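> Quick one: structure below, then a few questions.
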Amino acid sequence: SAGSYLKWDGNEWTSEWIPYRDGGIKAIWASSPEDVWFVGDKGSIVHYDGSGFTRIKSGTEVDLTDIYGIDKDHIWIGGNNTSDARSVLIGILGRTPQILYQRYTDGSNNLNDDRTWSPHIETLWAPPSSNRLLIAGGWGFYEINHHKEMIEYNRQMIAHFSYYPEKMRGTHSNNLFIVGDNATVYHFNGIGWHWYENIFNTSIRFTSISLIKSSITIVGYDRSSILRRAIILKGS
């Protein structure tokens, strides 16, 4: 994480500093060049409107690790603390942040339900034109059937899902990927999950994935030596 981001203008990369934050930036999402959202440490949310940056109050000090939206009025932010059991889900529905879910230090949450398996959110994704919100983290993979209000959630079992997920992205409900620690890649085709066991490697952590049409890009790093090496995988 860092306090700046790289911007591509079609010819070259430039680095730009992000103000109004309390730590590093963990994730970026945008509906347009005039609607860019940055989230990061200690509950930091910063919005860019094409001309300037604005700090947005999140209502939490939990580290925010991912952000995703289906349009400018339906955006979700998830996060967790590695130092304790706290986790949070924030909805920006109609441009105003609202905490939908909180997991506390003792494992309990604002829904007053199961302490053992309540969501500890690292990444999230929402299928287009759907009321479903999918979240993944240290305690598993979950589906929320109504993404405007955290009423209940369903924990779903994925075979070999024992390695920490870092990023979840898809193009539709029948094409969903999760990448994470130990070079793990999971794919859902609408019927079942497939684990790409052949690329499993305990020295590699995949940190993000991008899906554009039929193109897939996965990034991460190799931690087998003191000097970490960047890794980029491309496929279709």
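Lettering and numbering for the structure tokens are positional, with chains as A, B, ... in the shown order, residues counted from 1 in each chain, and ligands counted from 1 in the shown order.
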Near Ser173 (chain A), counting only C-alpha atoms, which residues have an atom at most 10 Å away, once you skip same-chain residues fewer than 6 positions from it, shown as a ChimeraX atom specification?

/A:126-128,130,132,188-190

> At a cut-off of 10 Å, using only C-alpha atoms, what residues contact Ala230 (chain A)? Leave out same-chain residues fewer than 4 positions from it and give the result as a compact mmCIF listing (two decimals) with N, CA, C and O atoms, in the first residue's frame.


```txt
# COMPACT_ATOMS: atom_id res chain seq x y z
N ILE A 204 4.52 -17.83 -3.53
CA ILE A 204 3.89 -16.78 -4.34
C ILE A 204 2.56 -16.36 -3.73
O ILE A 204 1.78 -17.19 -3.28
N ARG A 205 2.33 -15.07 -3.73
CA ARG A 205 1.04 -14.53 -3.33
C ARG A 205 0.47 -13.72 -4.48
O ARG A 205 1.10 -12.76 -4.95
N PHE A 206 -0.72 -14.09 -4.95
CA PHE A 206 -1.45 -13.29 -5.92
C PHE A 206 -2.27 -12.25 -5.16
O PHE A 206 -2.99 -12.58 -4.22
N VAL A 219 -1.87 -10.35 -10.86
CA VAL A 219 -0.59 -9.81 -10.39
C VAL A 219 -0.33 -10.28 -8.97
O VAL A 219 -1.24 -10.61 -8.21
N GLY A 220 0.95 -10.29 -8.61
CA GLY A 220 1.35 -10.70 -7.28
C GLY A 220 2.86 -10.58 -7.13
O GLY A 220 3.51 -9.82 -7.84
N TYR A 221 3.40 -11.37 -6.18
CA TYR A 221 4.84 -11.31 -5.98
C TYR A 221 5.36 -12.64 -5.45
O TYR A 221 4.64 -13.44 -4.85
N ASP A 222 6.67 -12.87 -5.71
CA ASP A 222 7.39 -14.05 -5.25
C ASP A 222 8.20 -13.65 -4.02
O ASP A 222 9.04 -12.75 -4.08
N ARG A 223 7.95 -14.32 -2.89
CA ARG A 223 8.62 -13.97 -1.63
C ARG A 223 9.67 -15.00 -1.24
O ARG A 223 10.03 -15.13 -0.07
```

> Excluding Ser58 (chain A) and any residue of its chain fewer than 5 positions from it, enumerate the residues within 10 Å of it, using only C-alpha atoms, and give them as a list of chain:residue names.

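Skipping anything fewer than 5 positions along the chain leaves A:Val39, A:Lys42, A:Gly43, A:Ser44, A:Ile45, A:Val46, A:Leu64, A:Ile77, A:Ile90, A:Gly91, A:Ile92, A:Thr96, A:Pro97, A:Gln98, A:Ile99.
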
> Quick one: write out the picked residues with C-alpha atoms as a PDB file, in the first residue's frame?


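Result file is part34.pdb:
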```pdb
ATOM      1  CA  VAL A  39      -9.897   3.170   0.175  1.00  0.00           C
ATOM      2  CA  LYS A  42      -7.758   3.190   9.270  1.00  0.00           C
ATOM      3  CA  GLY A  43     -11.070   3.584   7.459  1.00  0.00           C
ATOM      4  CA  SER A  44      -9.754   5.993   4.839  1.00  0.00           C
ATOM      5  CA  ILE A  45     -12.062   6.848   1.925  1.00  0.00           C
ATOM      6  CA  VAL A  46     -11.049   9.530  -0.592  1.00  0.00           C
ATOM      7  CA  LEU A  64     -10.436  -0.997   4.186  1.00  0.00           C
ATOM      8  CA  ILE A  77     -16.375  -1.363   0.581  1.00  0.00           C
ATOM      9  CA  ILE A  90     -19.866  -0.316   3.958  1.00  0.00           C
ATOM     10  CA  GLY A  91     -22.444   0.489   1.310  1.00  0.00           C
ATOM     11  CA  ILE A  92     -22.345   3.738  -0.655  1.00  0.00           C
ATOM     12  CA  THR A  96     -23.744   8.348   1.278  1.00  0.00           C
ATOM     13  CA  PRO A  97     -21.616   5.730   3.130  1.00  0.00           C
ATOM     14  CA  GLN A  98     -23.540   3.440   5.461  1.00  0.00           C
ATOM     15  CA  ILE A  99     -22.129   0.651   7.626  1.00  0.00           C
TER      16      ILE A  99
END
```

> Interatomic distance between CA of Tyr164 (chain A) and CA of Val36 (chain A)?

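Here the two named atoms are 27.4 Å from each other.
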
> Measuring between only C-alpha atoms, which one of A:Arg155, A:Arg228, A:Arg95, A:Arg86 shows the shortest distance to Asn110 (chain A)?

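The answer is A:Arg86, which sits nearest to Asn110 (chain A).
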
> What separation in Å, quoted to one decimal, exists between CA of Glu122 (chain A) and CA of Glu197 (chain A)?

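Separation of CA of Glu122 (chain A) and CA of Glu197 (chain A): 22.1 Å.
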
> Closest to Ile75 (chain A) among A:Val62, A:Ile144, A:Leu133, A:Ile226, using only C-alpha atoms?

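Under the stated criterion, the closest residue is A:Leu133.
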
> Write out as an MDAnalysis selection string the residues lying within 12 Å of Lys72 (chain A), counting only C-alpha atoms and excluding same-chain residues fewer than 3 positions away.

chainID A and resid 29:37 47 49 68:69 75:76 91:96

> Which residue gives the smallest distance to Gly40 (chain A) among A:Ser15, A:Asn80, A:Thr105, A:Ser224, with only C-alpha atoms counted?

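Nearest to Gly40 (chain A): A:Asn80.
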
> If we count only C-alpha atoms and set the cut-off at 12 Å, which residues sit around Lys7 (chain A), ignoring sequence neighbours fewer than 3 positions away in its own chain? Please answer as a PyMOL selection string.

chain A and resi 4+10-18+28+33+36

> Within 10 Å of Met157 (chain A), counting only C-alpha atoms, which residues show up once you throw out same-chain ones fewer than 5 positions away? Write them as an MDAnalysis selection string, please.

chainID A and resid 140:142 193

> May I have the selected residues written with N, CA, C and O atoms, as an mmCIF file, in the first residue's frame?


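Resulting contents of again22.cif:
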```
data_model
loop_
_atom_site.group_PDB
_atom_site.id
_atom_site.type_symbol
_atom_site.label_atom_id
_atom_site.label_comp_id
_atom_site.auth_asym_id
_atom_site.auth_seq_id
_atom_site.Cartn_x
_atom_site.Cartn_y
_atom_site.Cartn_z
ATOM 1 N N GLY A 140 -13.918 -17.610 4.944
ATOM 2 C CA GLY A 140 -14.605 -18.306 3.871
ATOM 3 C C GLY A 140 -15.208 -17.395 2.824
ATOM 4 O O GLY A 140 -14.859 -16.225 2.693
ATOM 5 N N PHE A 141 -16.156 -17.963 2.080
ATOM 6 C CA PHE A 141 -16.837 -17.294 0.969
ATOM 7 C C PHE A 141 -18.314 -17.189 1.320
ATOM 8 O O PHE A 141 -18.929 -18.163 1.760
ATOM 9 N N TYR A 142 -18.895 -15.995 1.128
ATOM 10 C CA TYR A 142 -20.268 -15.738 1.563
ATOM 11 C C TYR A 142 -21.076 -15.062 0.450
ATOM 12 O O TYR A 142 -20.528 -14.325 -0.368
ATOM 13 N N TRP A 193 -16.982 -24.921 -8.620
ATOM 14 C CA TRP A 193 -15.690 -24.260 -8.479
ATOM 15 C C TRP A 193 -14.563 -25.174 -8.955
ATOM 16 O O TRP A 193 -14.592 -26.388 -8.737
#
```

> CA of Ala183 (chain A) and CA of Ser83 (chain A) are how many Å apart?

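Taking CA of Ala183 (chain A) as the start and CA of Ser83 (chain A) as the end point, the length is 23.6 Å.
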
> I'd like to know which of A:Leu100, A:Val88, A:Ile212, A:Ile158 is closest to Tyr186 (chain A), using only C-alpha atoms.

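The shortest atom-to-atom distance to Tyr186 (chain A) comes from A:Ile158.
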
> Using only C-alpha atoms, determine which residues lie at most 10 Å from Ser208 (chain A), disregarding the query and same-chain residues fewer than 4 positions distant; provide the list as number ranges by chain.

A: 27, 123, 165-169, 178-180, 217-220, 232

> Nearest residue to Ile121 (chain A) out of A:Ile199, A:Ala136, A:Ile216, A:Leu176, using only C-alpha atoms?

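Going through A:Ile199, A:Ala136, A:Ile216, A:Leu176 one by one, the smallest distance to Ile121 (chain A) is for A:Ala136.
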